[in-house]
file input.cif (mmCIF, C-alpha atoms)
data_work
loop_
_atom_site.label_atom_id
_atom_site.label_comp_id
_atom_site.auth_asym_id
_atom_site.auth_seq_id
_atom_site.Cartn_x
_atom_site.Cartn_y
_atom_site.Cartn_z
CA MET Y 164 96.63 -45.32 71.28
CA ASN Y 165 93.86 -42.97 70.14
CA THR Y 166 94.12 -39.97 72.45
CA LEU Y 167 90.65 -38.69 71.46
CA ILE Y 168 88.81 -41.65 72.96
CA PRO Y 169 88.65 -41.30 76.78
CA GLU Y 170 90.31 -43.95 78.78
CA ASN Y 171 87.71 -43.92 81.55
CA LYS Y 172 84.98 -46.45 80.72
CA ASN Y 173 82.11 -44.13 81.79
CA ASN Y 174 83.44 -41.22 79.79
CA ARG Y 175 83.95 -43.51 76.82
CA GLY Y 176 80.27 -44.35 76.85
CA ARG Y 177 79.33 -40.67 76.81
CA TYR Y 178 81.89 -39.99 74.10
CA TRP Y 179 80.39 -42.57 71.74
CA ALA Y 180 76.86 -41.54 72.65
CA ALA Y 181 77.64 -37.92 71.80
CA LYS Y 182 79.38 -38.85 68.56
CA THR Y 183 76.71 -41.19 67.28
CA HIS Y 184 73.83 -39.06 68.55
CA ARG Y 185 74.80 -36.25 66.19
CA VAL Y 186 75.49 -38.52 63.24
CA VAL Y 187 72.22 -40.41 63.62
CA ALA Y 188 70.26 -37.19 64.16
CA ILE Y 189 71.59 -35.59 61.00
CA ASN Y 190 71.08 -38.67 58.87
CA ALA Y 191 67.63 -39.44 60.17
CA MET Y 192 66.42 -35.85 60.25
CA LEU Y 193 64.61 -35.84 56.93
CA PHE Y 194 62.89 -39.18 57.55
CA LEU Y 195 61.87 -38.15 61.05
CA LEU Y 196 60.49 -34.84 59.78
CA LEU Y 197 58.48 -36.72 57.18
CA LEU Y 198 57.11 -39.09 59.85
CA ALA Y 199 56.23 -36.21 62.15
CA VAL Y 200 54.54 -34.04 59.53
CA THR Y 201 52.56 -36.86 57.92
CA GLY Y 202 51.61 -38.16 61.36
CA VAL Y 203 50.21 -34.81 62.47
CA ILE Y 204 48.23 -34.36 59.26
CA LEU Y 205 46.88 -37.92 59.44
CA ASN Y 206 45.72 -37.26 62.98
CA HIS Y 207 43.34 -34.69 61.54
CA ALA Y 208 42.52 -36.53 58.33
CA ASP Y 209 38.81 -36.74 59.07
CA GLY Y 210 38.46 -33.05 59.78
CA LEU Y 211 40.44 -32.16 56.67
CA GLY Y 212 38.35 -34.55 54.53
CA LEU Y 213 41.46 -36.22 53.20
CA SER Y 214 39.70 -39.49 52.46
CA SER Y 215 37.39 -37.79 49.98
CA THR Y 216 39.85 -35.53 48.20
CA TYR Y 217 42.30 -36.77 45.65
CA PRO Y 218 45.70 -35.82 44.27
CA PRO Y 219 45.90 -35.07 40.54
CA GLY Y 220 45.43 -38.19 38.41
CA VAL Y 221 48.90 -37.86 36.97
CA MET Y 222 50.43 -37.94 40.46
CA GLN Y 223 48.45 -41.06 41.32
CA ARG Y 224 49.59 -42.84 38.20
CA VAL Y 225 53.23 -41.81 38.61
CA LEU Y 226 53.44 -42.66 42.32
CA TYR Y 227 51.46 -45.86 42.23
CA GLY Y 228 51.97 -46.98 38.68
CA ALA Y 229 48.19 -47.24 38.53
CA LYS Y 230 46.74 -47.81 35.14
CA ALA Y 231 43.75 -45.78 34.13
CA PRO Y 232 40.61 -47.89 34.75
CA THR Y 233 38.98 -49.48 31.75
CA VAL Y 234 35.33 -49.38 30.88
CA ASP Y 235 33.59 -52.56 32.10
CA SER Y 236 30.48 -52.19 30.00
CA ALA Y 237 28.58 -49.51 28.16
CA TYR Y 238 25.03 -49.14 26.91
CA VAL Y 239 23.16 -46.52 24.94
CA ALA Y 240 19.69 -45.44 26.04
CA GLY Y 241 17.80 -42.30 25.14
CA ASP Y 242 20.78 -41.05 23.07
CA LEU Y 243 22.99 -41.14 26.15
CA LEU Y 244 26.02 -43.34 26.68
CA PHE Y 245 26.03 -45.04 30.07
CA ALA Y 246 29.24 -46.76 31.07
CA SER Y 247 30.62 -48.38 34.19
CA ALA Y 248 34.27 -48.24 35.20
CA ALA Y 249 35.95 -48.94 38.53
CA GLY Y 250 32.57 -49.48 40.24
CA GLU Y 251 31.18 -46.15 39.11
CA LEU Y 252 28.48 -45.27 36.65
CA TYR Y 253 29.10 -42.58 34.07
CA VAL Y 254 26.83 -40.85 31.62
CA ASP Y 255 28.70 -39.24 28.77
CA ALA Y 256 31.90 -39.40 30.87
CA VAL Y 257 30.30 -37.58 33.82
CA LYS Y 258 29.92 -39.55 37.05
CA LEU Y 259 26.30 -40.36 37.85
CA ALA Y 260 26.53 -42.76 40.78
CA GLU Y 261 28.61 -45.32 42.57
CA THR Y 262 27.30 -48.80 41.91
CA GLY Y 263 30.16 -51.09 42.87
CA GLN Y 264 29.22 -53.36 39.99
CA PRO Y 265 29.31 -53.28 36.20
CA LEU Y 266 26.30 -52.15 34.26
CA LYS Y 267 24.08 -54.90 32.87
CA GLY Y 268 21.80 -52.79 30.73
CA ALA Y 269 20.17 -49.45 30.07
CA VAL Y 270 16.78 -48.89 28.45
CA ALA Y 271 14.57 -45.91 27.76
CA VAL Y 272 11.04 -46.58 29.03
CA ARG Y 273 7.89 -44.79 30.11
CA GLY Y 274 9.04 -42.73 33.07
CA GLY Y 275 12.66 -42.27 32.09
CA ILE Y 276 15.72 -44.42 31.68
CA VAL Y 277 16.21 -47.61 33.67
CA LEU Y 278 19.71 -48.89 34.39
CA ALA Y 279 20.57 -52.22 35.94
CA THR Y 280 23.58 -53.74 37.63
CA GLY Y 281 23.59 -57.29 38.98
CA THR Y 282 21.74 -56.27 42.14
CA GLU Y 283 20.41 -52.77 41.69
CA LEU Y 284 18.02 -50.75 39.55
CA LEU Y 285 18.43 -47.05 38.92
CA LEU Y 286 15.87 -44.73 37.40
CA ALA Y 287 17.11 -41.60 35.67
CA THR Y 288 15.45 -38.84 33.70
CA SER Y 289 16.07 -38.44 29.99
CA GLY Y 290 18.46 -35.68 31.05
CA ALA Y 291 20.44 -38.22 33.11
CA GLU Y 292 19.45 -36.98 36.55
CA LEU Y 293 19.11 -39.74 39.10
CA VAL Y 294 15.51 -40.13 40.22
CA GLU Y 295 15.60 -43.18 42.45
CA ARG Y 296 17.52 -46.38 43.00
CA ILE Y 297 16.50 -49.66 44.59
CA ALA Y 298 18.22 -52.91 45.48
CA PRO Y 299 15.34 -55.38 45.37
CA GLU Y 300 15.56 -58.72 47.11
CA LEU Y 301 15.88 -61.18 44.25
CA LYS Y 302 16.46 -64.94 44.10
CA ALA Y 303 19.37 -64.45 41.71
CA SER Y 304 21.29 -61.58 40.19
CA ILE Y 305 19.96 -59.58 37.27
CA ASP Y 306 21.12 -61.17 34.02
CA LYS Y 307 19.58 -58.91 31.44
CA LEU Y 308 17.56 -55.74 31.13
CA GLY Y 309 15.21 -55.12 28.28
CA VAL Y 310 12.11 -53.28 27.19
CA ARG Y 311 8.73 -54.65 26.19
CA GLY Y 312 6.43 -52.01 24.85
CA ARG Y 313 7.22 -49.10 27.17
CA ASP Y 314 8.03 -51.16 30.25
CA ALA Y 315 11.39 -52.27 31.57
CA VAL Y 316 11.77 -56.03 31.99
CA LEU Y 317 14.46 -57.96 33.78
CA LEU Y 318 15.67 -61.49 33.38
CA VAL Y 319 16.60 -62.86 36.79
CA GLY Y 320 17.59 -66.50 36.54
CA GLN Y 321 14.66 -68.10 34.74
CA SER Y 322 12.18 -65.43 35.82
CA LEU Y 323 10.96 -62.43 33.89
CA LEU Y 324 10.11 -59.40 35.99
CA VAL Y 325 8.39 -56.22 34.88
CA LEU Y 326 9.31 -52.95 36.62
CA ASP Y 327 6.70 -50.40 37.63
CA THR Y 328 8.78 -47.19 37.55
CA GLY Y 329 6.17 -45.30 39.56
CA GLN Y 330 6.20 -47.67 42.50
CA MET Y 331 9.66 -49.11 41.72
CA ARG Y 332 8.12 -52.51 42.23
CA LEU Y 333 8.84 -55.70 40.31
CA THR Y 334 6.16 -58.13 39.20
CA GLU Y 335 6.93 -61.57 37.89
CA VAL Y 336 5.32 -62.53 34.59
CA ASP Y 337 5.10 -65.91 32.92
CA ASP Y 338 6.32 -65.37 29.42
CA SER Y 339 10.10 -65.41 29.67
CA ALA Y 340 10.31 -66.51 26.06
CA ASP Y 341 8.44 -63.43 24.86
CA ALA Y 342 9.83 -62.47 21.46
CA ASN Y 343 8.63 -58.88 21.82
CA ILE Y 344 11.33 -58.09 24.37
CA LEU Y 345 14.16 -55.95 23.12
CA TRP Y 346 17.14 -56.78 25.30
CA SER Y 347 19.69 -54.09 26.02
CA GLU Y 348 22.94 -54.85 24.20
CA PRO Y 349 26.36 -53.52 25.20
CA VAL Y 350 28.18 -51.17 22.91
CA VAL Y 351 31.87 -50.64 22.30
CA VAL Y 352 33.00 -47.18 23.33
CA THR Y 353 35.29 -45.18 21.09
CA ALA Y 354 38.89 -44.59 22.13
CA SER Y 355 38.12 -40.97 22.91
CA GLN Y 356 35.12 -41.88 25.09
CA ALA Y 357 37.15 -44.53 26.91
CA GLN Y 358 39.87 -41.99 27.56
CA GLN Y 359 37.43 -39.44 28.98
CA ILE Y 360 35.81 -41.98 31.27
CA ALA Y 361 39.18 -43.36 32.36
CA ALA Y 362 40.40 -39.83 33.13
CA ALA Y 363 37.31 -39.16 35.26
CA ALA Y 364 37.50 -42.54 37.03
CA GLY Y 365 41.29 -42.60 37.32
CA SER Y 366 41.47 -39.35 39.21
CA ARG Y 367 39.91 -41.02 42.26
CA LEU Y 368 41.95 -44.15 42.75
CA PHE Y 369 43.96 -43.04 45.77
CA SER Y 370 42.90 -40.33 48.18
CA TRP Y 371 45.18 -37.86 49.92
CA GLU Y 372 44.74 -39.89 53.09
CA ARG Y 373 45.96 -43.02 51.39
CA LEU Y 374 48.96 -41.18 49.96
CA LEU Y 375 49.91 -39.76 53.35
CA LEU Y 376 49.49 -43.15 55.00
CA ASP Y 377 51.82 -44.67 52.44
CA LEU Y 378 54.35 -41.87 52.93
CA HIS Y 379 54.12 -42.29 56.70
CA SER Y 380 54.60 -46.05 56.59
CA GLY Y 381 57.18 -46.05 53.80
CA ARG Y 382 54.96 -48.11 51.53
CA ILE Y 383 55.25 -45.44 48.88
CA LEU Y 384 58.55 -47.07 47.93
CA PRO Y 385 57.99 -50.72 47.14
CA GLY Y 386 60.31 -53.12 48.94
CA VAL Y 387 62.80 -50.86 50.67
CA GLY Y 388 60.33 -48.17 51.81
CA ARG Y 389 59.01 -50.03 54.85
CA LEU Y 390 62.53 -50.89 55.94
CA LEU Y 391 63.49 -47.21 55.74
CA ALA Y 392 60.48 -46.30 57.85
CA ASP Y 393 61.45 -48.97 60.39
CA LEU Y 394 65.01 -47.65 60.39
CA ALA Y 395 63.82 -44.08 60.98
CA ALA Y 396 61.75 -45.27 63.93
CA LEU Y 397 64.72 -47.17 65.35
CA CYS Y 398 66.88 -44.06 64.92
CA LEU Y 399 64.35 -42.13 66.97
CA VAL Y 400 64.54 -44.73 69.72
CA TYR Y 401 68.34 -44.57 69.58
CA LEU Y 402 68.30 -40.78 69.82
CA CYS Y 403 66.05 -40.97 72.88
CA ILE Y 404 68.41 -43.42 74.59
CA THR Y 405 71.62 -41.56 73.75
CA GLY Y 406 69.97 -38.23 74.55
CA LEU Y 407 68.97 -39.48 78.02
CA LEU Y 408 72.42 -40.91 78.53
CA LEU Y 409 74.09 -37.63 77.67
CA TRP Y 410 71.71 -35.71 79.89
CA PHE Y 411 72.26 -38.02 82.87
CA ARG Y 412 76.02 -38.01 82.48
CA ARG Y 413 76.02 -34.23 82.28
CA ARG Y 414 74.11 -34.06 85.54
CA MET V 141 52.66 -71.94 87.49
CA CYS V 142 55.99 -71.88 85.65
CA LYS V 143 57.52 -68.60 84.46
CA ARG V 144 56.49 -69.11 80.85
CA HIS V 145 52.91 -69.82 81.76
CA ARG V 146 52.81 -66.80 84.04
CA TRP V 147 53.85 -64.54 81.16
CA LEU V 148 51.32 -66.19 78.90
CA ALA V 149 48.58 -65.71 81.49
CA ARG V 150 49.44 -62.04 81.72
CA PHE V 151 49.29 -61.43 78.02
CA LEU V 152 46.55 -63.85 77.02
CA PRO V 153 43.69 -61.39 77.67
CA ALA V 154 45.40 -58.75 75.53
CA ILE V 155 46.11 -61.20 72.73
CA THR V 156 42.54 -62.49 72.85
CA LEU V 157 41.19 -58.96 72.78
CA LEU V 158 43.32 -58.10 69.77
CA TYR V 159 42.13 -61.15 67.86
CA ALA V 160 38.54 -60.52 68.87
CA SER V 161 38.78 -56.89 67.75
CA ALA V 162 40.14 -57.93 64.39
CA ILE V 163 37.41 -60.51 63.92
CA ILE V 164 34.66 -58.16 65.03
CA ALA V 165 35.96 -55.33 62.88
CA GLY V 166 36.22 -57.66 59.94
CA ASN V 167 32.61 -58.74 60.47
CA ALA V 168 31.29 -55.17 60.79
CA ILE V 169 30.53 -54.93 57.08
CA GLY V 170 27.23 -56.44 56.03
CA VAL V 171 23.47 -56.29 55.82
CA TYR V 172 22.04 -56.22 59.33
CA GLN V 173 18.41 -56.05 58.31
CA THR V 174 16.76 -56.12 54.88
CA ARG V 175 14.36 -53.41 53.82
CA GLU V 176 11.49 -55.88 53.79
CA ASP V 177 12.22 -57.03 57.35
CA PHE V 178 12.56 -53.45 58.54
CA LEU V 179 9.22 -52.42 57.00
CA SER V 180 7.58 -55.53 58.32
CA GLU V 181 8.87 -54.81 61.82
CA TRP V 182 7.70 -51.19 61.95
CA LEU V 183 4.75 -51.03 59.60
CA GLY V 184 3.40 -54.53 59.95
CA SER V 185 3.92 -55.50 56.32
CA SER V 186 6.91 -56.22 54.10
CA GLN V 187 5.19 -54.37 51.23
CA PRO V 188 3.20 -51.55 52.79
CA GLU V 189 1.76 -48.63 50.86
CA SER V 190 4.39 -46.31 49.50
CA ASP V 191 4.54 -42.85 48.04
CA VAL V 192 7.24 -40.43 47.00
CA VAL V 193 8.33 -36.92 47.90
CA TRP V 194 9.73 -35.00 44.98
CA LEU V 195 12.62 -32.77 45.96
CA ASP V 196 11.67 -29.37 44.60
CA ASP V 197 13.98 -26.37 44.94
CA THR V 198 12.75 -25.46 48.42
CA LEU V 199 13.15 -28.95 49.72
CA ARG V 200 16.52 -29.36 48.07
CA ASP V 201 17.74 -26.20 49.85
CA ARG V 202 16.53 -27.55 53.19
CA ALA V 203 18.08 -30.91 52.41
CA ARG V 204 21.37 -29.26 51.52
CA LYS V 205 21.46 -27.46 54.88
CA VAL V 206 20.63 -30.62 56.79
CA LEU V 207 22.85 -33.03 54.88
CA GLY V 208 25.69 -30.67 54.06
CA HIS V 209 25.42 -31.63 50.40
CA ALA V 210 22.83 -31.71 47.66
CA PRO V 211 20.67 -34.84 47.78
CA GLN V 212 21.50 -37.29 45.04
CA MET V 213 17.97 -38.32 44.11
CA LEU V 214 15.15 -36.30 42.64
CA ARG V 215 12.59 -38.13 44.74
CA MET V 216 12.55 -39.98 48.04
CA ARG V 217 10.30 -42.96 48.56
CA TYR V 218 8.61 -43.64 51.86
CA TRP V 219 6.30 -46.32 53.15
CA TYR V 220 3.44 -45.61 55.50
CA GLU V 221 0.83 -47.11 57.75
CA ALA V 222 -1.68 -44.73 59.36
CA GLU V 223 0.34 -41.80 60.77
CA ARG V 224 3.62 -43.64 60.72
CA SER V 225 6.16 -43.34 57.89
CA ALA V 226 9.37 -45.26 57.21
CA TRP V 227 12.31 -43.91 55.23
CA ILE V 228 15.38 -45.62 53.83
CA ILE V 229 18.22 -43.12 53.66
CA GLU V 230 21.84 -43.63 52.64
CA GLU V 231 24.52 -41.31 53.94
CA ILE V 232 28.26 -41.59 53.63
CA GLY V 233 30.11 -42.18 56.90
CA LYS V 234 33.80 -42.03 56.14
CA ASP V 235 34.06 -43.30 52.56
CA ARG V 236 31.11 -45.62 51.93
CA PRO V 237 27.36 -45.14 52.34
CA ILE V 238 25.53 -46.41 55.42
CA THR V 239 21.92 -47.46 54.88
CA PHE V 240 19.57 -46.29 57.62
CA GLY V 241 15.97 -47.21 58.20
CA ILE V 242 14.12 -44.41 60.01
CA VAL V 243 10.58 -44.42 61.33
CA VAL V 244 8.70 -41.17 61.99
CA GLU V 245 5.32 -40.62 63.57
CA ASP V 246 3.59 -37.32 64.39
CA GLY V 247 6.72 -35.36 63.58
CA ALA V 248 8.97 -37.31 65.94
CA LEU V 249 11.40 -40.16 65.46
CA VAL V 250 10.16 -43.56 66.50
CA ALA V 251 13.23 -45.56 65.57
CA LEU V 252 16.51 -45.40 63.71
CA ARG V 253 18.18 -48.61 62.57
CA VAL V 254 21.35 -49.37 60.63
CA LEU V 255 20.26 -51.68 57.81
CA GLN V 256 23.57 -52.01 56.00
CA PHE V 257 27.12 -51.03 56.92
CA ARG V 258 29.91 -50.99 54.36
CA GLU V 259 32.98 -49.83 56.28
CA SER V 260 35.34 -51.55 58.68
CA ARG V 261 35.13 -48.83 61.35
CA GLY V 262 32.29 -47.04 63.05
CA TRP V 263 29.92 -50.04 63.06
CA GLU V 264 29.19 -49.49 66.75
CA ILE V 265 26.31 -47.21 65.77
CA ARG V 266 24.22 -50.28 65.00
CA ASN V 267 23.97 -51.06 68.70
CA GLU V 268 20.78 -50.37 70.59
CA PHE V 269 22.57 -48.24 73.20
CA PHE V 270 23.26 -45.73 70.41
CA THR V 271 20.12 -45.94 68.27
CA ARG V 272 17.71 -45.63 71.19
CA GLN V 273 18.94 -42.06 71.71
CA PHE V 274 16.97 -41.05 68.62
CA SER V 275 13.64 -42.16 70.00
CA LYS V 276 11.07 -39.32 70.37
CA LEU V 277 13.40 -36.66 68.99
CA HIS V 278 12.05 -34.02 66.68
CA LEU V 279 13.41 -30.99 64.88
CA ASN V 280 13.86 -27.70 66.71
CA THR V 281 13.46 -24.29 65.11
CA LYS V 282 16.98 -24.53 63.70
CA GLU V 283 16.14 -27.89 62.09
CA GLU V 284 18.49 -29.68 64.45
CA LEU V 285 17.59 -32.65 66.59
CA SER V 286 15.79 -31.62 69.76
CA GLN V 287 18.35 -33.36 71.97
CA ARG V 288 22.06 -33.95 71.83
CA ILE V 289 23.21 -37.36 70.66
CA ASP V 290 26.15 -38.85 72.55
CA SER V 291 28.88 -39.78 70.13
CA ILE V 292 30.97 -42.95 70.09
CA SER V 293 34.73 -42.72 70.19
CA GLY V 294 36.18 -43.87 66.88
CA ALA V 295 32.81 -43.66 65.12
CA THR V 296 32.39 -39.91 64.82
CA LEU V 297 31.71 -39.90 61.11
CA SER V 298 29.20 -42.74 61.35
CA VAL V 299 27.44 -40.93 64.20
CA ASP V 300 27.29 -37.75 62.13
CA ALA V 301 25.83 -39.70 59.21
CA ALA V 302 23.13 -41.09 61.53
CA LYS V 303 22.26 -37.63 62.82
CA ARG V 304 22.07 -36.15 59.31
CA SER V 305 19.89 -38.99 58.13
CA ALA V 306 17.55 -38.59 61.10
CA ARG V 307 17.16 -34.87 60.44
CA PHE V 308 16.59 -35.47 56.75
CA ALA V 309 13.89 -38.04 57.49
CA LEU V 310 12.11 -35.56 59.77
CA VAL V 311 12.28 -32.85 57.11
CA LEU V 312 10.96 -35.25 54.48
CA ASP V 313 8.16 -36.45 56.74
CA GLU V 314 7.10 -32.88 57.43
CA TYR V 315 7.13 -32.19 53.71
CA ALA V 316 5.18 -35.33 52.92
CA ASN V 317 2.51 -34.38 55.46
CA THR V 318 2.21 -30.71 54.72
CA GLY V 319 3.70 -30.32 51.26
CA LYS V 320 5.93 -27.43 52.41
#

call {"tool": "encode", "arguments": {"input": "input.cif", "output": "structure tokens"}}
result
Amino acid sequence: MNTLIPENKNNRGRYWAAKTHRVVAINAMLFLLLLAVTGVILNHADGLGLSSTYPPGVMQRVLYGAKAPTVDSAYVAGDLLFASAAGELYVDAVKLAETGQPLKGAVAVRGGIVLATGTELLLATSGAELVERIAPELKASIDKLGVRGRDAVLLVGQSLLVLDTGQMRLTEVDDSADANILWSEPVVVTASQAQQIAAAAGSRLFSWERLLLDLHSGRILPGVGRLLADLAALCLVYLCITGLLLWFRRR
Amino acid sequence: MCKRHRWLARFLPAITLLYASAIIAGNAIGVYQTREDFLSEWLGSSQPESDVVWLDDTLRDRARKVLGHAPQMLRMRYWYEAERSAWIIEEIGKDRPITFGIVVEDGALVALRVLQFRESRGWEIRNEFFTRQFSKLHLNTKEELSQRIDSISGATLSVDAAKRSARFALVLDEYANTGK
């Protein structure tokens, strides 16, 4: 017979509670600390601006296996390279705006440079400063952007629209088959340009808030991570129960 | 009622509320009112007269103080009818921009509306019980709103975006009217 285990049933319960309480506490300590620290920080995420600050790009790629975003489309206008990647618009690898959609064209016109996505028009200066942007109500999405003379023209479905950059107003014209229109054509970026844009876009894939949420929930480790987080939570419950039991028995 | 049905009856309201919350939250994102409808409602025309305010250095400094960041555009368009002006301003709530339509007349706010919401939380600011607080407010000497706006629990960042946009519209309107 094991003389260390009490014979009395009540004392036996306290014996096992005490034994397992320590073992569970020591083994779960690191996980519980991680849960507590990440939980406290996440509670103040808004105040700390964690959703709009980002870990280094390398960390994001290593932790998430994220690939650097690729350039969706690129156009040259006014000697500037405009490219869209990951829903953002870049000019010479510097972020200009968030568009949520790939670029459909860029043309230099009277009044500056006009850029178009499927639903939005942006007007920029020749120095690539954003002047104004509009999302006009159109019957279809913008298919092409071009220039006729010194005016920007858009092909929307079967309609040809001319943009007044002063009023940012579109006027439909009849001659959609006009041969004088020079449509904006996409260009292929060089490897170096693609790398610069990818580096700029790839550094904002996952915010600090997202990283902390994934650490807190265990999702940072695919597959087993969530189970470990569940286990840590169950350990905490167990420690509460055994802790209460030991306290009551002592009293 | 049998035991199982009693338990179900107890928890049914909670379960329904949870489902409803999920559905409502999921439907929070969207266009609530188009620009044309907003202008038509407040200026009587879907294509009223418009003009622009160019953000010079002075105005950019004022905008930076009011918004907490440099304004993205070099000019801000507004539409007007008599003494009333309407502004479309986008400000980021938590992560994504919220599109506000703001009407100003004689240096005071007439209306603030949420035209488009792009996040899953904080959409409560679109409700009339929140937006009507902005009516008749103007800027005080510190360029803050003349009265306190009651916040909404869980929508703090959206509320802040609304307040910043309202202040910015008042600053722009003052600039459009006086040029300084």

call {"tool": "resolve_selection", "arguments": {"input": "input.cif", "expression": "the PyMOL selection byres ((chain Y) within 10 of (chain V))", "output": "list in words"}}
result
Asp209, Gly210, Gly212, Ser214, Ser215, Leu259, Ala260, Glu261, Leu286, Ala287, Thr288, Glu292, Leu293, Val294, Glu295, Arg296, Ile297, Ala298, Pro299, Glu300, Gly329, Gln330, Met331 and Arg332 of chain Y

call {"tool": "resolve_selection", "arguments": {"input": "input.cif", "expression": "the PyMOL selection byres ((chain V and resi 207) around 9)", "output": "list in words"}}
result
Arg202, Ala203, Arg204, Lys205, Val206, Gly208, His209, Ala210, Pro211, Glu231, Ala301, Arg304, Ser305, Arg307 and Phe308 of chain V

call {"tool": "closest_residue", "arguments": {"input": "input.cif", "among": "Y:Thr328, Y:Thr262, Y:Gln321, Y:Asn174", "to": "Gly274 of chain Y", "atoms": "only C-alpha atoms"}}
result
Y:Thr328

call {"tool": "atom_distance", "arguments": {"input": "input.cif", "atom1": "atom CA of Leu255 of chain V", "atom2": "atom CA of Ala279 of chain Y"}}
result
21.9 Å

call {"tool": "residues_near_point", "arguments": {"input": "input.cif", "point": "(-0.1, -35.0, 55.1)", "cutoff": "12 Å", "atoms": "only C-alpha atoms", "output": "MDAnalysis selection string"}}
result
chainID V and resid 191 193 220 222:225 245:247 312:320

call {"tool": "write_last_selection", "arguments": {"input": "input.cif", "atoms": "C-alpha atoms", "output": "JSON list (two decimals), in the frame of the given file"}}
result
[["chain", "number", "residue", "atom", "x", "y", "z"],
["V", 191, "ASP", "CA", 4.54, -42.85, 48.04],
["V", 193, "VAL", "CA", 8.33, -36.92, 47.90],
["V", 220, "TYR", "CA", 3.44, -45.61, 55.50],
["V", 222, "ALA", "CA", -1.68, -44.73, 59.36],
["V", 223, "GLU", "CA", 0.34, -41.80, 60.77],
["V", 224, "ARG", "CA", 3.62, -43.64, 60.72],
["V", 225, "SER", "CA", 6.16, -43.34, 57.89],
["V", 245, "GLU", "CA", 5.32, -40.62, 63.57],
["V", 246, "ASP", "CA", 3.59, -37.32, 64.39],
["V", 247, "GLY", "CA", 6.72, -35.36, 63.58],
["V", 312, "LEU", "CA", 10.96, -35.25, 54.48],
["V", 313, "ASP", "CA", 8.16, -36.45, 56.74],
["V", 314, "GLU", "CA", 7.10, -32.88, 57.43],
["V", 315, "TYR", "CA", 7.13, -32.19, 53.71],
["V", 316, "ALA", "CA", 5.18, -35.33, 52.92],
["V", 317, "ASN", "CA", 2.51, -34.38, 55.46],
["V", 318, "THR", "CA", 2.21, -30.71, 54.72],
["V", 319, "GLY", "CA", 3.70, -30.32, 51.26],
["V", 320, "LYS", "CA", 5.93, -27.43, 52.41]]

call {"tool": "closest_residue", "arguments": {"input": "input.cif", "among": "V:Ala309, V:Glu221, V:Gln173, V:Leu183", "to": "Phe257 of chain V", "atoms": "all atoms listed in the file"}}
result
V:Gln173

call {"tool": "resolve_selection", "arguments": {"input": "input.cif", "expression": "the PyMOL selection byres ((chain Y and resi 205) around 12)", "output": "list in words"}}
result
Leu197, Leu198, Ala199, Val200, Thr201, Gly202, Val203, Ile204, Asn206, His207, Ala208, Asp209, Gly210, Leu211, Gly212, Leu213, Ser214, Trp371, Glu372, Arg373, Leu374, Leu375, Leu376, Asp377, Leu378, His379 and Ser380 of chain Y

call {"tool": "write_last_selection", "arguments": {"input": "input.cif", "atoms": "C-alpha atoms", "output": "PDB file, in the frame of the given file"}}
result
ATOM      1  CA  LEU Y 197      58.480 -36.720  57.180  1.00  0.00           C
ATOM      2  CA  LEU Y 198      57.110 -39.090  59.850  1.00  0.00           C
ATOM      3  CA  ALA Y 199      56.230 -36.210  62.150  1.00  0.00           C
ATOM      4  CA  VAL Y 200      54.540 -34.040  59.530  1.00  0.00           C
ATOM      5  CA  THR Y 201      52.560 -36.860  57.920  1.00  0.00           C
ATOM      6  CA  GLY Y 202      51.610 -38.160  61.360  1.00  0.00           C
ATOM      7  CA  VAL Y 203      50.210 -34.810  62.470  1.00  0.00           C
ATOM      8  CA  ILE Y 204      48.230 -34.360  59.260  1.00  0.00           C
ATOM      9  CA  ASN Y 206      45.720 -37.260  62.980  1.00  0.00           C
ATOM     10  CA  HIS Y 207      43.340 -34.690  61.540  1.00  0.00           C
ATOM     11  CA  ALA Y 208      42.520 -36.530  58.330  1.00  0.00           C
ATOM     12  CA  ASP Y 209      38.810 -36.740  59.070  1.00  0.00           C
ATOM     13  CA  GLY Y 210      38.460 -33.050  59.780  1.00  0.00           C
ATOM     14  CA  LEU Y 211      40.440 -32.160  56.670  1.00  0.00           C
ATOM     15  CA  GLY Y 212      38.350 -34.550  54.530  1.00  0.00           C
ATOM     16  CA  LEU Y 213      41.460 -36.220  53.200  1.00  0.00           C
ATOM     17  CA  SER Y 214      39.700 -39.490  52.460  1.00  0.00           C
ATOM     18  CA  TRP Y 371      45.180 -37.860  49.920  1.00  0.00           C
ATOM     19  CA  GLU Y 372      44.740 -39.890  53.090  1.00  0.00           C
ATOM     20  CA  ARG Y 373      45.960 -43.020  51.390  1.00  0.00           C
ATOM     21  CA  LEU Y 374      48.960 -41.180  49.960  1.00  0.00           C
ATOM     22  CA  LEU Y 375      49.910 -39.760  53.350  1.00  0.00           C
ATOM     23  CA  LEU Y 376      49.490 -43.150  55.000  1.00  0.00           C
ATOM     24  CA  ASP Y 377      51.820 -44.670  52.440  1.00  0.00           C
ATOM     25  CA  LEU Y 378      54.350 -41.870  52.930  1.00  0.00           C
ATOM     26  CA  HIS Y 379      54.120 -42.290  56.700  1.00  0.00           C
ATOM     27  CA  SER Y 380      54.600 -46.050  56.590  1.00  0.00           C
TER      28      SER Y 380
END

call {"tool": "closest_residue", "arguments": {"input": "input.cif", "among": "V:Ile265, V:Leu199, V:Ala248, V:Ile232", "to": "Tyr172 of chain V", "atoms": "all atoms listed in the file"}}
result
V:Ile265

call {"tool": "atom_distance", "arguments": {"input": "input.cif", "atom1": "atom CA of Gln273 of chain V", "atom2": "atom CA of Arg258 of chain V"}}
result
22.4 Å

call {"tool": "residues_around", "arguments": {"input": "input.cif", "residues": "Thr271 of chain V", "least_positions_apart": "5", "cutoff": "9 Å", "atoms": "all atoms listed in the file", "output": "list in words"}}
result
Ala251, Leu252, Arg253, Val254, Ile265, Arg266 and Ala302 of chain V
